[in-house]
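Printed here is run.cif (mmCIF, C-alpha atoms and all ligand atoms):
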```
data_work
loop_
_atom_site.label_atom_id
_atom_site.label_comp_id
_atom_site.auth_asym_id
_atom_site.auth_seq_id
_atom_site.Cartn_x
_atom_site.Cartn_y
_atom_site.Cartn_z
CA MET A 1104 19.99 8.32 7.18
CA ILE A 1105 19.77 7.59 3.48
CA ALA A 1106 19.01 10.39 0.99
CA LEU A 1107 16.14 9.48 -1.32
CA ALA A 1108 16.86 12.02 -4.07
CA GLY A 1109 17.41 10.46 -7.49
CA LYS A 1110 15.72 7.18 -6.54
CA THR A 1111 12.62 5.77 -8.25
CA ALA A 1112 9.43 4.41 -6.72
CA ILE A 1113 6.29 2.67 -7.88
CA VAL A 1114 3.30 3.63 -5.74
CA THR A 1115 -0.06 1.92 -6.24
CA GLY A 1116 -3.26 3.80 -5.43
CA ALA A 1117 -1.81 7.31 -5.49
CA SER A 1118 -4.92 8.93 -6.98
CA ARG A 1119 -6.16 9.89 -3.51
CA GLY A 1120 -5.87 9.25 0.22
CA ILE A 1121 -2.78 7.72 1.78
CA GLY A 1122 -1.17 6.76 -1.53
CA ARG A 1123 -1.39 10.30 -2.85
CA ALA A 1124 0.18 11.64 0.36
CA ILE A 1125 2.99 9.07 0.07
CA ALA A 1126 3.63 9.96 -3.58
CA VAL A 1127 3.69 13.71 -2.82
CA ALA A 1128 6.12 13.14 0.07
CA LEU A 1129 8.39 10.98 -2.10
CA ALA A 1130 8.36 13.59 -4.90
CA ARG A 1131 9.31 16.24 -2.34
CA GLU A 1132 12.34 14.11 -1.48
CA GLY A 1133 13.37 14.04 -5.15
CA VAL A 1134 12.10 10.53 -5.93
CA ARG A 1135 10.87 9.86 -9.49
CA LEU A 1136 7.43 8.26 -9.44
CA GLY A 1137 5.65 5.50 -11.31
CA LEU A 1138 1.96 5.46 -10.42
CA LEU A 1139 -0.61 2.71 -10.85
CA SER A 1140 -4.35 3.11 -10.22
CA ARG A 1141 -7.58 3.27 -12.19
CA SER A 1142 -7.91 7.06 -12.19
CA LYS A 1143 -5.01 9.37 -13.02
CA PRO A 1144 -3.47 11.07 -9.98
CA ASP A 1145 -3.35 14.87 -10.11
CA ILE A 1146 0.36 14.83 -9.32
CA GLY A 1147 3.48 14.48 -11.45
CA GLY A 1148 5.08 11.19 -12.41
CA GLU A 1149 4.72 8.37 -14.88
CA PHE A 1150 1.21 6.92 -14.83
CA VAL A 1151 -0.21 3.69 -16.17
CA ALA A 1152 -3.91 3.01 -15.67
CA CYS A 1153 -4.59 -0.38 -14.13
CA ASP A 1154 -7.50 -2.01 -12.36
CA LEU A 1155 -5.77 -4.16 -9.78
CA ALA A 1156 -8.86 -6.36 -9.48
CA GLU A 1157 -8.23 -7.42 -13.09
CA LEU A 1158 -5.15 -9.47 -12.38
CA GLU A 1159 -4.14 -10.06 -15.99
CA GLN A 1160 -3.61 -6.28 -16.41
CA ILE A 1161 -0.96 -6.15 -13.71
CA PRO A 1162 2.21 -7.61 -15.31
CA VAL A 1163 1.85 -5.49 -18.46
CA ALA A 1164 1.09 -2.31 -16.50
CA VAL A 1165 4.04 -2.77 -14.13
CA GLN A 1166 6.45 -3.54 -16.96
CA ARG A 1167 5.36 -0.38 -18.79
CA LEU A 1168 6.20 1.62 -15.65
CA VAL A 1169 9.53 -0.17 -15.19
CA GLU A 1170 10.47 0.64 -18.80
CA ARG A 1171 9.78 4.32 -18.21
CA LEU A 1172 11.52 4.51 -14.83
CA GLY A 1173 14.57 2.43 -15.69
CA GLU A 1174 15.25 0.85 -12.31
CA VAL A 1175 12.80 0.61 -9.41
CA ASP A 1176 14.34 1.34 -6.01
CA TYR A 1177 11.14 1.37 -3.98
CA LEU A 1178 7.74 -0.29 -4.32
CA VAL A 1179 4.86 0.92 -2.18
CA ASN A 1180 1.91 -1.51 -2.33
CA ASN A 1181 -0.69 0.92 -1.04
CA ALA A 1182 -3.83 0.51 -3.18
CA GLY A 1183 -6.62 -1.14 -1.29
CA ALA A 1184 -10.36 -1.39 -0.91
CA PHE A 1185 -12.73 -1.91 2.01
CA LEU A 1186 -15.67 -4.25 2.43
CA GLU A 1187 -18.15 -4.34 5.27
CA SER A 1188 -20.60 -7.21 5.48
CA PRO A 1189 -21.75 -9.92 7.85
CA VAL A 1190 -20.46 -13.27 6.58
CA THR A 1191 -24.00 -14.57 6.04
CA GLU A 1192 -24.68 -11.75 3.58
CA MET A 1193 -21.32 -11.64 1.86
CA LYS A 1194 -21.25 -12.47 -1.85
CA LEU A 1195 -18.41 -14.68 -3.02
CA ALA A 1196 -17.71 -12.25 -5.87
CA ASP A 1197 -17.24 -9.34 -3.41
CA TRP A 1198 -14.99 -11.43 -1.13
CA GLU A 1199 -12.87 -12.54 -4.09
CA ARG A 1200 -12.60 -9.05 -5.54
CA LEU A 1201 -11.35 -7.65 -2.23
CA MET A 1202 -8.76 -10.43 -1.98
CA ARG A 1203 -7.57 -9.65 -5.51
CA VAL A 1204 -7.10 -5.93 -4.81
CA ASN A 1205 -5.73 -6.15 -1.25
CA LEU A 1206 -3.66 -9.33 -1.40
CA THR A 1207 -3.15 -10.90 -4.82
CA ALA A 1208 -2.33 -7.59 -6.54
CA PRO A 1209 0.51 -6.74 -4.09
CA PHE A 1210 1.93 -10.24 -4.74
CA LEU A 1211 1.76 -9.77 -8.53
CA VAL A 1212 3.17 -6.22 -8.56
CA THR A 1213 5.98 -7.36 -6.25
CA ARG A 1214 6.74 -10.36 -8.45
CA GLU A 1215 7.13 -8.07 -11.46
CA VAL A 1216 9.67 -5.72 -9.85
CA LEU A 1217 11.67 -8.33 -7.95
CA PRO A 1218 13.96 -9.82 -10.63
CA ARG A 1219 15.67 -6.46 -11.25
CA MET A 1220 15.86 -5.65 -7.54
CA ILE A 1221 17.43 -9.05 -6.88
CA ALA A 1222 19.88 -8.61 -9.76
CA ARG A 1223 20.93 -5.21 -8.37
CA ARG A 1224 20.91 -6.41 -4.73
CA GLN A 1225 18.96 -3.26 -3.96
CA GLY A 1226 15.35 -2.39 -3.20
CA ARG A 1227 12.79 -1.69 -0.55
CA ILE A 1228 9.17 -2.78 -0.51
CA VAL A 1229 6.57 -1.15 1.72
CA ASN A 1230 3.21 -2.88 2.07
CA ILE A 1231 0.46 -0.69 3.48
CA SER A 1232 -1.56 -3.04 5.61
CA SER A 1233 -3.77 -2.01 8.53
CA THR A 1234 -4.32 -2.65 12.22
CA ALA A 1235 -6.90 -5.03 10.72
CA SER A 1236 -3.86 -7.25 10.06
CA VAL A 1237 -3.45 -7.89 13.78
CA GLN A 1238 -7.01 -7.75 15.12
CA GLY A 1239 -10.55 -8.58 14.09
CA HIS A 1240 -13.31 -6.03 13.49
CA LEU A 1241 -17.08 -6.48 13.43
CA HIS A 1242 -18.40 -7.21 9.93
CA GLN A 1243 -14.95 -6.82 8.40
CA SER A 1244 -14.03 -10.48 8.01
CA ALA A 1245 -12.99 -10.07 4.38
CA TYR A 1246 -10.99 -6.89 4.97
CA CYS A 1247 -9.30 -8.35 8.08
CA ALA A 1248 -8.52 -11.61 6.28
CA SER A 1249 -6.98 -9.70 3.36
CA LYS A 1250 -4.84 -7.55 5.68
CA HIS A 1251 -3.80 -10.50 7.88
CA GLY A 1252 -2.78 -12.13 4.59
CA LEU A 1253 -0.78 -9.11 3.50
CA LEU A 1254 1.10 -9.13 6.81
CA GLY A 1255 1.88 -12.84 6.42
CA PHE A 1256 2.99 -12.25 2.84
CA GLY A 1257 5.31 -9.46 3.97
CA ARG A 1258 6.78 -11.47 6.84
CA SER A 1259 7.63 -14.40 4.59
CA LEU A 1260 8.82 -12.18 1.75
CA ALA A 1261 11.19 -10.41 4.14
CA MET A 1262 12.85 -13.73 4.99
CA GLU A 1263 13.09 -14.66 1.32
CA LEU A 1264 14.63 -11.35 0.28
CA LYS A 1265 17.04 -10.75 3.13
CA PRO A 1266 19.84 -12.71 1.39
CA HIS A 1267 19.31 -10.41 -1.61
CA ASN A 1268 19.74 -7.27 0.52
CA ILE A 1269 16.11 -6.20 -0.05
CA HIS A 1270 14.08 -4.78 2.82
CA VAL A 1271 10.36 -5.49 3.21
CA TYR A 1272 8.27 -3.34 5.53
CA THR A 1273 4.66 -3.78 6.62
CA LEU A 1274 3.14 -0.51 7.77
CA SER A 1275 -0.17 -0.97 9.59
CA PRO A 1276 -2.13 2.21 10.33
CA GLY A 1277 -5.26 2.59 12.42
CA GLY A 1278 -8.06 4.85 11.15
CA VAL A 1279 -6.81 7.40 8.60
CA ASP A 1280 -8.83 10.35 7.33
CA THR A 1281 -9.59 9.25 3.74
CA ASP A 1282 -12.60 8.16 1.66
CA LEU A 1283 -11.85 4.43 2.11
CA ILE A 1284 -14.82 3.71 4.38
CA LYS A 1285 -17.09 6.44 3.00
CA GLY A 1286 -20.78 5.49 3.09
CA THR A 1287 -20.28 2.53 5.41
CA TYR A 1288 -21.77 1.76 8.80
CA LEU A 1289 -18.25 2.04 10.23
CA ALA A 1290 -17.98 5.63 8.95
CA GLU A 1291 -21.21 6.44 10.78
CA ARG A 1292 -19.84 4.93 13.99
CA LEU A 1293 -16.56 6.83 13.70
CA LYS A 1294 -18.19 10.16 12.79
CA GLY A 1295 -16.54 13.03 14.65
CA GLN A 1296 -13.72 10.89 16.02
CA PRO A 1297 -10.19 12.15 15.36
CA MET A 1298 -8.26 10.18 12.73
CA ILE A 1299 -4.64 9.95 11.61
CA ALA A 1300 -3.76 12.34 8.75
CA PRO A 1301 -2.59 10.74 5.47
CA ASP A 1302 0.50 13.00 5.60
CA ASP A 1303 1.52 11.38 8.89
CA ILE A 1304 1.48 7.94 7.27
CA ALA A 1305 3.49 9.35 4.35
CA GLU A 1306 6.11 10.57 6.85
CA MET A 1307 6.30 7.03 8.27
CA VAL A 1308 7.05 5.68 4.79
CA ILE A 1309 9.81 8.24 4.30
CA PHE A 1310 11.14 7.30 7.76
CA LEU A 1311 11.29 3.61 6.78
CA LEU A 1312 13.01 4.29 3.45
CA ARG A 1313 15.59 6.47 5.18
CA GLN A 1314 16.68 3.74 7.59
CA PRO A 1315 20.28 2.63 7.18
CA GLU A 1316 20.91 -0.69 5.37
CA ASN A 1317 21.91 -2.43 8.61
CA ILE A 1318 18.64 -1.61 10.42
CA ASP A 1319 15.82 -4.15 10.34
CA LEU A 1320 12.42 -2.57 11.03
CA PRO A 1321 10.01 -5.03 9.41
CA GLU A 1322 6.72 -3.96 10.97
CA LEU A 1323 5.32 -0.68 12.12
CA ILE A 1324 1.89 -0.24 13.71
CA VAL A 1325 0.68 3.35 13.75
CA ARG A 1326 -2.29 4.33 15.87
CA ARG A 1327 -3.53 7.70 17.00
CA PHE A 1328 -2.19 8.76 20.35
CA ASP A 1329 -5.08 10.20 22.33
CA THR A 1330 -4.91 11.24 25.92
CA LYS A 1331 -8.54 10.26 26.50
N1 LIG P 1401 -8.10 4.93 5.60
C1 LIG P 1401 -7.85 4.12 6.62
O1 LIG P 1401 -8.42 4.26 7.73
C2 LIG P 1401 -6.83 3.03 6.47
C3 LIG P 1401 -6.34 2.43 7.64
C4 LIG P 1401 -5.41 1.40 7.53
C5 LIG P 1401 -4.97 1.01 6.28
N2 LIG P 1401 -5.45 1.60 5.16
C6 LIG P 1401 -4.97 1.11 3.87
O2 LIG P 1401 -4.32 2.16 3.19
C7 LIG P 1401 -4.41 1.95 1.79
C8 LIG P 1401 -4.92 3.21 1.11
O3 LIG P 1401 -6.22 3.46 1.61
P1 LIG P 1401 -6.89 4.92 1.63
O4 LIG P 1401 -7.48 5.09 2.96
O5 LIG P 1401 -5.95 5.92 1.09
O6 LIG P 1401 -8.10 4.64 0.61
P2 LIG P 1401 -8.72 5.55 -0.56
O7 LIG P 1401 -8.67 6.97 -0.21
O8 LIG P 1401 -10.03 4.91 -0.87
O9 LIG P 1401 -7.70 5.30 -1.77
C9 LIG P 1401 -7.54 4.00 -2.30
C10 LIG P 1401 -6.54 4.03 -3.44
O10 LIG P 1401 -6.42 2.69 -3.95
C11 LIG P 1401 -6.72 2.69 -5.33
N3 LIG P 1401 -7.49 1.51 -5.71
C12 LIG P 1401 -8.58 1.01 -5.09
N4 LIG P 1401 -9.06 -0.02 -5.81
C13 LIG P 1401 -8.25 -0.16 -6.88
C14 LIG P 1401 -8.26 -1.03 -8.01
N5 LIG P 1401 -9.20 -1.97 -8.18
N6 LIG P 1401 -7.29 -0.89 -8.94
C15 LIG P 1401 -6.35 0.08 -8.79
N7 LIG P 1401 -6.29 0.92 -7.76
C16 LIG P 1401 -7.25 0.81 -6.82
C17 LIG P 1401 -7.56 3.93 -5.58
O11 LIG P 1401 -7.34 4.40 -6.90
P3 LIG P 1401 -8.46 4.35 -8.06
O12 LIG P 1401 -9.81 4.42 -7.41
O13 LIG P 1401 -8.12 5.54 -8.90
O14 LIG P 1401 -8.23 3.08 -8.76
C18 LIG P 1401 -7.00 4.94 -4.57
O15 LIG P 1401 -5.91 5.62 -5.11
C19 LIG P 1401 -5.32 0.73 1.60
O16 LIG P 1401 -4.54 -0.42 1.41
C20 LIG P 1401 -6.05 0.65 2.93
O17 LIG P 1401 -6.49 -0.66 3.22
C21 LIG P 1401 -6.36 2.61 5.24
#
```
Show me the file's structure as structure tokens.
Amino acid sequence: MIALAGKTAIVTGASRGIGRAIAVALAREGVRLGLLSRSKPDIGGEFVACDLAELEQIPVAVQRLVERLGEVDYLVNNAGAFLESPVTEMKLADWERLMRVNLTAPFLVTREVLPRMIARRQGRIVNISSTASVQGHLHQSAYCASKHGLLGFGRSLAMELKPHNIHVYTLSPGGVDTDLIKGTYLAERLKGQPMIAPDDIAEMVIFLLRQPENIDLPELIVRRFDTK
């Protein structure tokens, strides 16, 4: 197992939910954090405000974080949004915005950190996808398409980066207890059902980052285990 103390990580979307839990877990391991979201997380670490839907903000924001951190050992592409709509009612602007946040932003953030990782032959990238990357859901065509895309991006990126000794992981959780789907029809349907805790997903990220160099564990699907 690899010790994480003294390493650095950029985590997107750490102002709440799963990203916050991941950032807190990484900090507990002694990892120095660079955080990217619109609102400032209430945890320690370097923070640069960035709206990931505004793609032109991304390169500048990431480079500001890289300058402050020095090197970036880990990138966790966690930030994401949810959209629920039948296709016939979906606005192009909403579809495109979701794709920017969930798919294009991870590509752009990754592209910014990669040259240094490649030069150092060191780095690990964790993309937080969803079980929506491997199955369809009613009225979630945009969300599922974005998460299928993120899985495909991660699979191809892993092949591209293997010669550079960089690991790429796609972590795909089922329903997690956060505000992501708040106010939606889905939230109504899931009301009262047990969900995965954000801390449990954070532990999975730590588990992945601790894997020895010679272990390839590219994809992890995490669902709740219920006896019923
Ligand atoms: N909750 C679930 O059931 C579930 C299941 C599977 C996968 N996931 C995935 O897990 C990830 C985290 O979701 P969550 O459940 O923790 O959601 P959440 O509680 O709503 O948190 C989303 C995070 O993403 C950031 N974010 C959203 N839009 C952004 C934007 N335009 N620019 C910058 N940052 C933005 C938010 O920060 P700001 O608002 O401060 O910008 C926030 O920190 C997402 O990729 C989601 O798809 C969630």
Env. residues ligand LIG 1401 (chain P) / 8 Å / only C-alpha atoms and all ligand atoms / as a PyMOL selection string: chain A and resi 1115-1123+1139-1144+1152-1157+1180-1185+1204-1205+1231-1235+1246+1250+1275-1284+1298-1299+1301
Within 9 Å of A:Thr1111, counting only C-alpha atoms, which residues qualify if same-chain residues fewer than 6 places away don't, as a PyMOL selection string? chain A and resi 1133-1137+1172-1178
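Proximity ranking of A:Ala1245, A:Leu1274, A:Ala1126, A:Val1190 relative to A:Asp1145 places A:Ala1126 first, based on all atoms listed in the file.
For the pair atom CA of A:Gly1147 and atom CA of A:Val1163, the separation is 21.2 Å.
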Counting only C-alpha atoms, the residue of A:Gln1166, A:Gln1160, A:Thr1191, A:Ser1249 that sits nearest A:Leu1217: A:Gln1166
Hey, what's within 10 Å of A:Pro1321 if we count only C-alpha atoms and toss same-chain stuff fewer than 6 positions away? As a ChimeraX atom specification, please? /A:1229,1257-1258,1261,1270-1274,1311
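Proximity ranking of A:Asp1303, A:Leu1293, A:Ile1113, A:Leu1253 relative to A:Gly1226 places A:Ile1113 first, based on all atoms listed in the file.
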Counting all atoms listed in the file, which residue out of A:Ile1309, A:Ile1146, A:Val1325, A:Pro1315 sits closest to A:Ala1128? A:Ile1309
Which residue, A:Met1202, A:Val1127, A:Leu1107, A:Leu1260, has the smallest gap to A:Phe1310 when you use all atoms listed in the file? A:Leu1107
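Between A:Asn1268 and the residues A:Val1151, A:Val1165, A:Leu1323, A:Ile1228, the shortest atom-to-atom distance, using all atoms listed in the file, involves A:Ile1228.
The space between atom CA of A:Ala1108 and atom CA of A:Phe1256 spans 28.8 Å.
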Place N, CA and C atoms on stretch 1131-1151 of chain A and deliver the coordinates as a compact mmCIF listing (two decimals), in the frame of the given file.
```txt
# COMPACT_ATOMS: atom_id res chain seq x y z
N ARG A 1131 8.66 15.15 -3.08
CA ARG A 1131 9.31 16.24 -2.34
C ARG A 1131 10.76 15.88 -1.99
N GLU A 1132 10.99 14.58 -1.80
CA GLU A 1132 12.34 14.11 -1.48
C GLU A 1132 13.21 13.94 -2.73
N GLY A 1133 12.60 14.17 -3.91
CA GLY A 1133 13.37 14.04 -5.15
C GLY A 1133 13.30 12.65 -5.77
N VAL A 1134 12.28 11.88 -5.37
CA VAL A 1134 12.10 10.53 -5.93
C VAL A 1134 11.25 10.62 -7.19
N ARG A 1135 11.67 9.92 -8.26
CA ARG A 1135 10.87 9.86 -9.49
C ARG A 1135 9.80 8.79 -9.34
N LEU A 1136 8.57 9.12 -9.76
CA LEU A 1136 7.43 8.26 -9.44
C LEU A 1136 6.88 7.50 -10.64
N GLY A 1137 6.47 6.28 -10.38
CA GLY A 1137 5.65 5.50 -11.31
C GLY A 1137 4.36 5.15 -10.59
N LEU A 1138 3.23 5.54 -11.16
CA LEU A 1138 1.96 5.46 -10.42
C LEU A 1138 0.98 4.51 -11.12
N LEU A 1139 0.30 3.73 -10.32
CA LEU A 1139 -0.61 2.71 -10.85
C LEU A 1139 -1.94 2.80 -10.10
N SER A 1140 -3.01 3.11 -10.81
CA SER A 1140 -4.35 3.11 -10.22
C SER A 1140 -5.33 3.17 -11.39
N ARG A 1141 -6.62 3.18 -11.09
CA ARG A 1141 -7.58 3.27 -12.19
C ARG A 1141 -7.69 4.70 -12.69
N SER A 1142 -7.83 5.65 -11.77
CA SER A 1142 -7.91 7.06 -12.19
C SER A 1142 -6.55 7.72 -12.08
N LYS A 1143 -6.32 8.72 -12.94
CA LYS A 1143 -5.01 9.37 -13.02
C LYS A 1143 -4.81 10.31 -11.84
N PRO A 1144 -3.74 10.14 -11.08
CA PRO A 1144 -3.47 11.07 -9.98
C PRO A 1144 -3.20 12.47 -10.51
N ASP A 1145 -3.55 13.48 -9.69
CA ASP A 1145 -3.35 14.87 -10.11
C ASP A 1145 -1.96 15.36 -9.68
N ILE A 1146 -1.01 14.47 -9.69
CA ILE A 1146 0.36 14.83 -9.32
C ILE A 1146 1.29 14.35 -10.42
N GLY A 1147 2.53 14.84 -10.40
CA GLY A 1147 3.48 14.48 -11.45
C GLY A 1147 3.93 13.04 -11.35
N GLY A 1148 4.55 12.55 -12.43
CA GLY A 1148 5.08 11.19 -12.41
C GLY A 1148 4.55 10.38 -13.58
N GLU A 1149 5.20 9.27 -13.83
CA GLU A 1149 4.72 8.37 -14.88
C GLU A 1149 3.47 7.68 -14.37
N PHE A 1150 2.46 7.56 -15.25
CA PHE A 1150 1.21 6.92 -14.83
C PHE A 1150 0.79 5.87 -15.83
N VAL A 1151 0.42 4.72 -15.33
CA VAL A 1151 -0.21 3.69 -16.17
C VAL A 1151 -1.51 3.29 -15.48
```
